[in-house]
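One file, run.txt, is given below (compact mmCIF, C-alpha atoms).
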```
# COMPACT_ATOMS: atom_id res chain seq x y z
CA ASN A 1 -85.20 -234.30 -50.62
CA ARG A 2 -81.49 -233.60 -50.43
CA PRO A 3 -79.70 -232.19 -53.45
CA ASP A 4 -77.62 -234.84 -55.22
CA ILE A 5 -74.30 -233.30 -54.24
CA PHE A 6 -72.39 -236.44 -53.30
CA GLY A 7 -73.71 -238.92 -55.82
CA THR A 8 -72.71 -242.51 -55.11
CA ASP A 9 -68.92 -242.24 -54.97
CA THR A 10 -67.60 -238.78 -54.19
CA THR A 11 -64.11 -237.49 -53.31
CA ILE A 12 -63.64 -234.03 -51.78
CA THR A 13 -60.10 -232.61 -52.05
CA LEU A 14 -59.29 -229.53 -49.95
CA GLY A 15 -56.52 -226.95 -50.01
CA ASP A 16 -55.90 -224.00 -47.69
CA GLY A 17 -58.31 -221.70 -45.97
CA ASN A 18 -57.35 -218.23 -44.76
CA GLN A 19 -54.83 -218.77 -42.01
CA ASN A 20 -54.39 -215.10 -41.05
CA GLY A 21 -58.11 -214.45 -40.80
CA LYS A 22 -58.84 -217.87 -39.28
CA LEU A 23 -61.42 -218.44 -42.03
CA TYR A 24 -61.95 -222.06 -43.02
CA SER A 25 -62.48 -223.36 -46.52
CA ALA A 26 -65.20 -226.03 -46.77
CA GLY A 27 -65.79 -228.78 -49.29
CA ILE A 28 -69.58 -229.12 -48.86
CA TYR A 29 -71.94 -227.24 -46.53
CA TYR A 30 -75.41 -228.62 -45.79
CA GLN A 31 -77.51 -225.99 -44.00
CA ASP A 32 -81.03 -226.74 -42.69
CA ALA A 33 -81.21 -229.67 -45.11
CA GLY A 34 -83.12 -231.92 -42.70
CA ASP A 35 -83.01 -235.62 -43.54
CA ILE A 36 -80.45 -236.25 -46.31
CA GLY A 37 -81.10 -239.99 -46.32
CA GLU A 38 -78.12 -242.25 -47.01
CA ILE A 39 -74.87 -241.24 -48.68
CA THR A 40 -73.13 -244.41 -49.85
CA LYS A 41 -69.58 -243.12 -50.29
CA ALA A 42 -67.84 -239.83 -49.55
CA ASN A 43 -64.05 -239.54 -49.22
CA ILE A 44 -62.40 -236.45 -47.77
CA GLN A 45 -58.84 -235.75 -48.90
CA TYR A 46 -56.40 -232.90 -48.34
CA VAL A 47 -53.53 -231.61 -50.42
CA ASP A 48 -50.20 -231.83 -48.61
CA GLY A 49 -49.70 -228.88 -46.29
CA ALA A 50 -53.38 -227.87 -46.21
CA SER A 51 -54.59 -225.85 -43.23
CA TYR A 52 -57.82 -224.26 -41.98
CA THR A 53 -60.10 -226.55 -43.96
CA ILE A 54 -63.35 -228.41 -43.22
CA GLY A 55 -64.35 -231.35 -45.40
CA THR A 56 -68.12 -231.33 -44.84
CA ILE A 57 -70.45 -229.30 -42.60
CA PHE A 58 -73.81 -230.73 -41.52
CA ASP A 59 -75.76 -227.81 -40.03
CA ASN A 60 -79.21 -228.87 -38.74
CA THR A 61 -78.85 -231.85 -41.06
CA TYR A 62 -79.00 -235.56 -40.32
CA GLY A 63 -78.84 -238.93 -42.05
CA THR A 64 -76.46 -241.84 -42.64
CA LEU A 65 -73.00 -241.82 -44.26
CA THR A 66 -71.76 -245.30 -45.11
CA ASN A 67 -68.26 -246.26 -46.30
CA SER A 68 -66.80 -243.20 -44.56
CA HIS A 69 -63.03 -242.71 -44.30
CA ILE A 70 -61.67 -239.48 -42.79
CA THR A 71 -57.90 -239.21 -43.12
CA MET A 72 -55.27 -236.48 -42.65
CA ASN A 73 -51.54 -237.01 -43.06
CA ASN A 74 -48.76 -235.44 -41.03
CA THR A 75 -48.50 -232.32 -43.22
CA ILE A 76 -52.07 -231.14 -42.46
CA ASN A 77 -52.81 -228.70 -39.64
CA ASN A 78 -55.72 -226.85 -38.02
CA SER A 79 -58.30 -228.74 -40.09
CA ILE A 80 -61.57 -230.63 -39.53
CA GLY A 81 -62.86 -233.66 -41.40
CA VAL A 82 -66.57 -233.35 -40.61
CA MET A 83 -68.40 -230.70 -38.57
CA ILE A 84 -71.88 -231.45 -37.19
CA LYS A 85 -73.93 -228.80 -35.43
CA LYS A 86 -77.52 -228.44 -34.40
CA ASP A 87 -79.48 -225.58 -32.80
CA LYS A 88 -83.10 -226.62 -33.44
CA VAL A 89 -84.75 -228.12 -30.36
CA GLU A 90 -87.40 -229.74 -32.56
CA ASP A 91 -84.63 -231.90 -34.04
CA VAL A 92 -83.54 -233.14 -30.61
CA ASP A 93 -83.80 -236.84 -31.52
CA LYS A 94 -82.39 -236.59 -35.04
CA THR A 95 -79.22 -238.62 -35.50
CA ILE A 96 -76.31 -238.50 -37.92
CA THR A 97 -74.56 -241.84 -38.41
CA PHE A 98 -71.12 -242.68 -39.83
CA THR A 99 -69.99 -246.17 -40.82
CA ALA A 100 -66.40 -246.91 -41.87
CA GLU A 101 -65.45 -248.15 -45.29
CA LYS A 102 -64.61 -251.87 -45.30
CA ALA A 103 -61.01 -252.64 -44.22
CA LYS A 104 -60.36 -248.95 -43.41
CA ASN A 105 -60.45 -246.87 -40.26
CA LEU A 106 -63.34 -244.48 -39.81
CA ILE A 107 -60.91 -241.79 -38.67
CA ASP A 108 -57.16 -241.74 -39.32
CA VAL A 109 -55.81 -238.34 -38.29
CA ASN A 110 -52.22 -237.13 -37.97
CA GLY A 111 -50.67 -233.67 -38.17
CA ASP A 112 -51.10 -230.75 -35.78
CA HIS A 113 -54.35 -229.50 -34.21
CA ASN A 114 -56.63 -231.52 -36.48
CA VAL A 115 -60.07 -232.98 -35.68
CA GLY A 116 -61.68 -235.94 -37.42
CA ILE A 117 -65.29 -235.27 -36.36
CA LEU A 118 -66.39 -232.11 -34.56
CA GLY A 119 -69.84 -232.37 -32.99
CA GLN A 120 -71.80 -229.51 -31.41
CA ASP A 121 -75.18 -230.06 -29.72
CA SER A 122 -75.78 -233.17 -31.82
CA THR A 123 -76.66 -236.85 -31.63
CA ILE A 124 -73.92 -238.86 -33.35
CA VAL A 125 -73.43 -242.59 -33.94
CA THR A 126 -70.22 -244.04 -35.41
CA THR A 127 -69.02 -247.51 -36.36
CA GLY A 128 -65.34 -247.94 -37.12
CA ASN A 129 -61.88 -247.58 -35.62
CA ILE A 130 -60.42 -244.23 -34.59
CA VAL A 131 -56.66 -243.75 -35.02
CA VAL A 132 -55.03 -240.46 -33.99
CA GLY A 133 -51.45 -239.22 -33.88
CA THR A 134 -49.65 -242.43 -34.83
CA GLU A 135 -46.95 -240.46 -36.66
CA THR A 136 -44.42 -239.35 -34.06
CA THR A 137 -44.29 -235.69 -35.12
CA SER A 138 -48.08 -235.24 -34.87
CA ASP A 139 -49.25 -233.01 -32.05
CA ASN A 140 -52.52 -232.21 -30.29
CA SER A 141 -55.01 -233.72 -32.73
CA VAL A 142 -58.37 -235.23 -31.75
CA GLY A 143 -60.35 -238.05 -33.33
CA VAL A 144 -63.78 -236.88 -32.14
CA TYR A 145 -64.32 -233.51 -30.41
CA LEU A 146 -67.73 -232.97 -28.79
CA THR A 147 -69.23 -229.92 -27.11
CA GLY A 148 -72.79 -229.45 -25.86
CA ASP A 149 -74.02 -225.99 -24.88
CA ASN A 150 -77.75 -225.90 -25.69
CA GLU A 151 -79.60 -227.50 -22.75
CA GLY A 152 -82.70 -228.04 -24.88
CA ILE A 153 -80.90 -230.42 -27.24
CA LYS A 154 -79.89 -234.01 -26.59
CA HIS A 155 -76.11 -234.42 -26.66
CA THR A 156 -75.07 -238.04 -27.16
CA TYR A 157 -72.27 -239.86 -28.89
CA THR A 158 -72.32 -243.63 -29.41
CA GLY A 159 -69.26 -245.23 -30.96
CA GLU A 160 -68.33 -248.80 -31.83
CA GLY A 161 -64.71 -249.57 -32.68
CA ASN A 162 -61.20 -249.49 -31.27
CA ILE A 163 -59.30 -246.30 -30.46
CA THR A 164 -55.54 -245.97 -30.96
CA VAL A 165 -53.84 -242.80 -29.72
CA GLY A 166 -50.28 -241.47 -29.91
CA SER A 167 -48.21 -238.26 -30.13
CA ASN A 168 -49.91 -236.00 -27.58
CA SER A 169 -53.33 -236.51 -29.08
CA GLN A 170 -56.79 -237.56 -27.88
CA GLY A 171 -59.16 -240.20 -29.17
CA ILE A 172 -62.36 -238.53 -27.94
CA TYR A 173 -62.82 -235.24 -26.12
CA ALA A 174 -66.31 -234.60 -24.75
CA LYS A 175 -67.80 -231.69 -22.82
CA ASN A 176 -71.46 -231.75 -21.72
CA TYR A 177 -72.00 -234.96 -23.69
CA LYS A 178 -73.13 -238.47 -22.85
CA VAL A 179 -70.54 -240.73 -24.47
CA THR A 180 -70.67 -244.50 -24.94
CA GLN A 181 -67.75 -246.19 -26.67
CA THR A 182 -67.55 -249.93 -27.33
CA GLY A 183 -64.06 -251.19 -28.14
CA ASP A 184 -60.48 -251.23 -26.89
CA ILE A 185 -58.31 -248.18 -26.26
CA THR A 186 -54.58 -248.43 -27.01
CA VAL A 187 -52.23 -245.62 -26.01
CA THR A 188 -48.93 -245.87 -27.86
CA ASP A 189 -47.14 -242.88 -26.33
CA GLY A 190 -47.28 -242.27 -22.60
CA VAL A 191 -46.68 -238.50 -22.63
CA GLY A 192 -49.59 -236.07 -22.56
CA ILE A 193 -52.10 -238.52 -24.02
CA ALA A 194 -55.61 -239.61 -23.07
CA GLY A 195 -57.81 -242.02 -24.97
CA ILE A 196 -61.08 -240.39 -23.87
CA ILE A 197 -61.46 -237.10 -22.00
CA THR A 198 -64.67 -235.89 -20.39
CA ASP A 199 -65.44 -232.69 -18.55
CA GLU A 200 -65.84 -233.80 -14.93
CA ASP A 201 -68.20 -230.90 -14.22
CA SER A 202 -70.49 -231.61 -17.14
CA GLY A 203 -72.89 -233.86 -15.27
CA LYS A 204 -72.91 -236.26 -18.23
CA ASP A 205 -71.95 -239.92 -18.23
CA LEU A 206 -69.20 -241.85 -19.98
CA GLY A 207 -69.65 -245.51 -20.71
CA ARG A 208 -66.94 -247.76 -22.12
CA LEU A 209 -66.93 -251.45 -22.97
CA GLY A 210 -63.45 -252.76 -23.71
CA LYS A 211 -59.92 -252.66 -22.36
CA ILE A 212 -57.31 -249.93 -22.07
CA CYS A 213 -53.73 -250.78 -22.99
CA PHE A 214 -50.66 -248.55 -22.55
CA LEU A 215 -47.67 -249.51 -24.70
```
Starting from the coordinates I provided, produce the structure as structure tokens.
Amino acid sequence: NRPDIFGTDTTITLGDGNQNGKLYSAGIYYQDAGDIGEITKANIQYVDGASYTIGTIFDNTYGTLTNSHITMNNTINNSIGVMIKKDKVEDVDKTITFTAEKAKNLIDVNGDHNVGILGQDSTIVTTGNIVVGTETTSDNSVGVYLTGDNEGIKHTYTGEGNITVGSNSQGIYAKNYKVTQTGDITVTDGVGIAGIITDEDSGKDLGRLGKICFL
């Protein structure tokens, strides 16, 4: 059984990591925890100006997080909301699932070089809207960043919800991943922006159900 770290209504507030050494501070780190069951509420917050921080790390850990809301304002930089990684082939079909809190976006990320969800060699399912870079001074942030390197592990991402992208940012970046996104994509700034990016040489598929709108 998982340790009762989150409880039923938990808020994680993060400050700075070590910028010079590129060392990240982390709110909670689950390592080899297996099935953590269902976490009913976990909010990740950052102090203004925070950098090099990670809200939660799920390392060879899976389960369901309901009422999730990952948000970073325009003062945050070089930070990650949730990091998910897996290197055990025996856990190939294990899934981690995120569901947005009612009336809130699943991911609402501004600032510079920030990532809402970072997935590595994992199977991820999300329900909720993704909003990235809507503040005009934001730059180069990503809602969901996915990389798959271990050929023995299933790399899939399934998302349900709309994606809104602005200020030189990306909604979803995927390399060596099979990505399926249901919902509309709205691009609010036409310079240097893509709603979903996939590596054309990855051999993986991208499926999308919805419309793309450039404003």
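The spacing separating atom CA of A:Tyr52 from atom CA of A:Thr136 amounts to 21.7 Å.
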Nearest candidate to A:Ala103 (options A:Ser68, A:Asp48, A:Leu118, A:Lys154; using only C-alpha atoms):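 For A:Ala103, the nearest of the candidates is A:Ser68.
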Within 9 Å of file point (-62.5, -237.6, -35.8), counting all atoms listed in the file, expressed as an MDAnalysis selection string: chainID A and resid 70:71 80:82 106:109 114:118 130:132 141:145 171:172
From A:Ile185, A:Ala174, A:Ile96, A:Ile84, residue lying nearest A:Asp35 [all atoms listed in the file]: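 Nearest to A:Asp35: A:Ile96.
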Å distance separating atom CA of A:Ile163 from atom CA of A:Asp112, one decimal place: 18.4 Å
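For A:Thr99, the set of protein, DNA and RNA residues having any atom at most 6 Å away, when counting only C-alpha atoms and skipping those fewer than 2 positions along the same chain, is Thr66, Asn67, Ser68, Thr126 and Thr127 of chain A.
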Nearest candidate to A:Asn105 (options A:Asn129, A:Asn18, A:Gln120, A:Asn74; using all atoms listed in the file): A:Asn129
A:Gln181, A:Asn78, A:Asn150, A:Asn140 ranked by distance to A:Val165, top pick (using only C-alpha atoms):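 The answer is A:Asn140, which sits nearest to A:Val165.
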Nearest-residue call for A:Gly34, choices A:Thr180, A:Thr11, A:Thr61, A:Ser169, using all atoms listed in the file: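 For A:Gly34, the nearest of the given residues is A:Thr61.
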Residue nearest A:Asp91 - candidates A:Gly15, A:Gly152, A:Gly119, A:Gly111, atoms counted: all atoms listed in the file: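 With all atoms listed in the file as the atom set, the closest residue is A:Gly152.
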Atom CA of A:Thr97 to atom CA of A:Ile124, distance in Å rounded to a single decimal: 5.9 Å
I need every residue sitting at most 6 Å from the point (-71.0, -229.2, -39.4) (coordinates as in the file, all atoms listed in the file considered), written as a PDB file with C-alpha atoms, in the coordinates of the input.
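Dumped everything to result-v1.pdb:
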```
ATOM      1  CA  ILE A  57     -70.450-229.300 -42.600  1.00  0.00           C
ATOM      2  CA  PHE A  58     -73.810-230.730 -41.520  1.00  0.00           C
ATOM      3  CA  ASP A  59     -75.760-227.810 -40.030  1.00  0.00           C
ATOM      4  CA  MET A  83     -68.400-230.700 -38.570  1.00  0.00           C
ATOM      5  CA  ILE A  84     -71.880-231.450 -37.190  1.00  0.00           C
ATOM      6  CA  LYS A  85     -73.930-228.800 -35.430  1.00  0.00           C
TER       7      LYS A  85
END
```
Could you write out as lines of an AutoDock Vina configuration file the box around stretch 100-106 of chain A (axis-aligned, all atoms listed in the file, 3 Å on each side), with centre and edge lengths in Å to one decimal?
```
center_x = -63.4
center_y = -248.6
center_z = -42.6
size_x = 12.0
size_y = 14.2
size_z = 11.5
```
Contacts of A:Thr64 within 9 Å, all atoms listed in the file, excl. fewer than 4 positions in-chain, as JSON, numbers by chain: {"A": [36, 37, 38, 39, 40, 95, 96, 97, 98, 99]}
Contact residues around A:Gly166 with only C-alpha atoms at 8 Å, ignoring same-chain residues under 2 positions, as a PyMOL selection string: chain A and resi 132-136+164+168-170+187-190+193
